Amino acid sequence: MRNSIFICLVLLTVSVYGQDASFSRFTLKPAIGVLPWGLPVKGLTSLSVEYRLKGNWVLGSHTMAASVVAKNTYNVETNYSWQFSQKFGIGYTMTGPKKFIRLTLLAMGGVRQVAFKETLNYPGLEKVTTQSSTTMPDAGLLVDWSLGRKRHTFNTRVYLPFYPLEGYPLSTFQQISIEMGLGIRLKK
């Protein structure tokens, strides 16, 4: 499976390079962050890839993996709790007068996988274990602020999910992520 993915990526790269595409249109933005509003709190790593189109329009991809930070809270032992999401979208970039500050808004859509296993271990009660794994749609707005003029920028991102629509906005409150990282524009 890994070899198939690697071969596909190599073929895609050769195909794009063969078409003489400008790699300077790509910006890689790795980041670390947190999903702070759920218990237990999850730390995350993410990678956002942007491809500048004509004018200020941008195509984007956002990959995020999160895992629980504190394993034991309030007599609940967390065996594992993780989340993975992959989203694609399109958006618009606005720049300041000297192009030092940029704000990018991306409408994103994709898939999110969430899994956890937790055990309630309260003195005087028997242990109760629950586990779940689910895959669901992921749609939302990615807001990205960039500071810098050259190939390297400092970025902060907030992802505001819109799904599930039942009980919105309270149903999505725990999935709001805050991220900080660097932006690296590729050279041709």
# chains A, B, ... in the order shown; residues from 1 in each chain; ligands from 1
$ residues_around --residues "Val76 (chain A)" --least-positions-apart "2" --cutoff "12 Å" --atoms "only C-alpha atoms" --output "PyMOL selection string"
chain A and resi 39-40+70-74+78-80+117-123+127-130
$ residues_around --residues "region 171-187 of chain A" --least-positions-apart "6" --cutoff "9 Å" --atoms "only C-alpha atoms" --output "ChimeraX atom specification"
/A:22-39,44-46,48,146,150-165
$ atom_distance --atom1 "CA of Ile90 (chain A)" --atom2 "CA of Gly43 (chain A)"
26.1 Å
$ select_by_dssp --residues "region 1-151 of chain A" --states "strand (DSSP E or B)" --output "PyMOL selection string"
chain A and resi 26-35+42-52+57-68+72-73+76-95+101-120+128-147
$ closest_residue --among "A:Val114, A:Val69, A:Leu47, A:Leu59" --to "Thr134 (chain A)" --atoms "only C-alpha atoms"
A:Val114
$ closest_residue --among "A:Ala115, A:Met64, A:Met94, A:Val41" --to "Val143 (chain A)" --atoms "only C-alpha atoms"
A:Met94
$ select_by_dssp --residues "chain A" --states "alpha helix (DSSP H)" --output "number ranges by chain"
A: 2-18
$ write_last_selection --atoms "all heavy atoms" --output "compact mmCIF listing (two decimals), in the first residue's frame"
# COMPACT_ATOMS: atom_id res chain seq x y z
N ARG A 2 1.90 1.25 0.88
CA ARG A 2 2.79 2.41 0.94
C ARG A 2 3.49 2.64 -0.39
O ARG A 2 3.65 3.77 -0.83
CB ARG A 2 3.85 2.20 2.02
CG ARG A 2 3.55 2.93 3.28
CD ARG A 2 4.75 2.90 4.17
NE ARG A 2 4.33 2.41 5.47
CZ ARG A 2 5.11 1.94 6.39
NH1 ARG A 2 6.40 1.85 6.17
NH2 ARG A 2 4.64 1.55 7.53
N ASN A 3 3.93 1.55 -1.01
CA ASN A 3 4.62 1.67 -2.30
C ASN A 3 3.69 2.23 -3.36
O ASN A 3 4.11 3.02 -4.21
CB ASN A 3 5.16 0.31 -2.75
CG ASN A 3 6.30 -0.15 -1.85
OD1 ASN A 3 6.95 0.67 -1.20
ND2 ASN A 3 6.52 -1.45 -1.80
N SER A 4 2.41 1.86 -3.34
CA SER A 4 1.45 2.38 -4.32
C SER A 4 1.29 3.89 -4.16
O SER A 4 1.27 4.62 -5.15
CB SER A 4 0.09 1.72 -4.14
OG SER A 4 0.20 0.35 -4.15
N ILE A 5 1.16 4.34 -2.91
CA ILE A 5 1.02 5.77 -2.66
C ILE A 5 2.27 6.51 -3.10
O ILE A 5 2.19 7.57 -3.74
CB ILE A 5 0.71 6.03 -1.18
CG1 ILE A 5 -0.68 5.46 -0.83
CG2 ILE A 5 0.78 7.51 -0.83
CD1 ILE A 5 -1.00 5.46 0.64
N PHE A 6 3.44 5.97 -2.78
CA PHE A 6 4.70 6.60 -3.17
C PHE A 6 4.82 6.69 -4.69
O PHE A 6 5.21 7.73 -5.23
CB PHE A 6 5.88 5.81 -2.58
CG PHE A 6 7.21 6.38 -2.95
CD1 PHE A 6 7.65 7.57 -2.38
CD2 PHE A 6 8.02 5.76 -3.88
CE1 PHE A 6 8.88 8.11 -2.73
CE2 PHE A 6 9.24 6.28 -4.24
CZ PHE A 6 9.67 7.46 -3.66
N ILE A 7 4.47 5.62 -5.39
CA ILE A 7 4.54 5.62 -6.86
C ILE A 7 3.58 6.66 -7.44
O ILE A 7 3.93 7.40 -8.37
CB ILE A 7 4.26 4.21 -7.41
CG1 ILE A 7 5.43 3.28 -7.08
CG2 ILE A 7 4.01 4.24 -8.91
CD1 ILE A 7 5.18 1.82 -7.37
N CYS A 8 2.36 6.75 -6.88
CA CYS A 8 1.40 7.75 -7.36
C CYS A 8 1.93 9.16 -7.15
O CYS A 8 1.78 10.02 -8.03
CB CYS A 8 0.06 7.58 -6.65
SG CYS A 8 -0.84 6.13 -7.19
N LEU A 9 2.54 9.42 -5.99
CA LEU A 9 3.09 10.76 -5.74
C LEU A 9 4.23 11.09 -6.69
O LEU A 9 4.33 12.21 -7.19
CB LEU A 9 3.57 10.87 -4.29
CG LEU A 9 2.47 10.94 -3.23
CD1 LEU A 9 3.07 10.91 -1.83
CD2 LEU A 9 1.63 12.18 -3.42
N VAL A 10 5.10 10.11 -6.97
CA VAL A 10 6.20 10.34 -7.91
C VAL A 10 5.65 10.62 -9.30
O VAL A 10 6.09 11.57 -9.98
CB VAL A 10 7.17 9.14 -7.92
CG1 VAL A 10 8.14 9.23 -9.08
CG2 VAL A 10 7.93 9.07 -6.61
N LEU A 11 4.67 9.84 -9.75
CA LEU A 11 4.08 10.07 -11.07
C LEU A 11 3.39 11.42 -11.16
O LEU A 11 3.48 12.11 -12.18
CB LEU A 11 3.10 8.94 -11.42
CG LEU A 11 3.73 7.57 -11.69
CD1 LEU A 11 2.66 6.52 -11.88
CD2 LEU A 11 4.65 7.64 -12.89
N LEU A 12 2.70 11.82 -10.10
CA LEU A 12 2.05 13.12 -10.08
C LEU A 12 3.08 14.24 -10.16
O LEU A 12 2.91 15.20 -10.90
CB LEU A 12 1.20 13.27 -8.82
CG LEU A 12 0.47 14.60 -8.67
CD1 LEU A 12 -0.56 14.76 -9.78
CD2 LEU A 12 -0.20 14.67 -7.32
N THR A 13 4.18 14.10 -9.42
CA THR A 13 5.24 15.11 -9.44
C THR A 13 5.86 15.21 -10.83
O THR A 13 6.08 16.30 -11.35
CB THR A 13 6.32 14.78 -8.39
OG1 THR A 13 5.70 14.66 -7.12
CG2 THR A 13 7.39 15.83 -8.35
N VAL A 14 6.15 14.06 -11.44
CA VAL A 14 6.75 14.06 -12.78
C VAL A 14 5.78 14.67 -13.78
O VAL A 14 6.16 15.46 -14.65
CB VAL A 14 7.14 12.62 -13.19
CG1 VAL A 14 7.48 12.53 -14.66
CG2 VAL A 14 8.30 12.15 -12.33
N SER A 15 4.50 14.35 -13.64
CA SER A 15 3.48 14.90 -14.54
C SER A 15 3.40 16.42 -14.43
O SER A 15 3.36 17.12 -15.42
CB SER A 15 2.13 14.27 -14.21
OG SER A 15 1.10 14.99 -14.81
N VAL A 16 3.38 16.91 -13.20
CA VAL A 16 3.30 18.37 -12.99
C VAL A 16 4.58 19.03 -13.49
O VAL A 16 4.54 20.07 -14.14
CB VAL A 16 3.05 18.68 -11.50
CG1 VAL A 16 3.27 20.16 -11.20
CG2 VAL A 16 1.66 18.26 -11.10
N TYR A 17 5.73 18.43 -13.21
CA TYR A 17 7.00 19.02 -13.65
C TYR A 17 7.09 18.99 -15.17
O TYR A 17 7.60 19.93 -15.79
CB TYR A 17 8.17 18.27 -13.03
CG TYR A 17 9.49 18.94 -13.29
CD1 TYR A 17 9.82 20.12 -12.66
CD2 TYR A 17 10.39 18.39 -14.20
CE1 TYR A 17 11.02 20.75 -12.92
CE2 TYR A 17 11.59 19.01 -14.46
CZ TYR A 17 11.90 20.19 -13.81
OH TYR A 17 13.08 20.81 -14.06
N GLY A 18 6.58 17.95 -15.78
CA GLY A 18 6.61 17.85 -17.23
C GLY A 18 5.76 18.90 -17.91
O GLY A 18 5.99 19.28 -19.04
$ closest_residue --among "A:Met108, A:His62, A:Tyr51, A:Gln131" --to "Ser85 (chain A)" --atoms "only C-alpha atoms"
A:His62
$ atom_distance --atom1 "CA of Gly96 (chain A)" --atom2 "CA of Ala139 (chain A)"
27.9 Å
$ atom_distance --atom1 "CA of Val49 (chain A)" --atom2 "CA of Lys87 (chain A)"
10.6 Å
$ closest_residue --among "A:Val58, A:Lys98, A:Trp145, A:Arg112" --to "Ser133 (chain A)" --atoms "only C-alpha atoms"
A:Arg112
$ closest_residue --among "A:Trp82, A:Phe88, A:Phe100, A:Phe116" --to "Ala65 (chain A)" --atoms "only C-alpha atoms"
A:Trp82
$ closest_residue --among "A:Val68, A:Lys42, A:Asn75, A:Glu50" --to "Leu125 (chain A)" --atoms "only C-alpha atoms"
A:Asn75
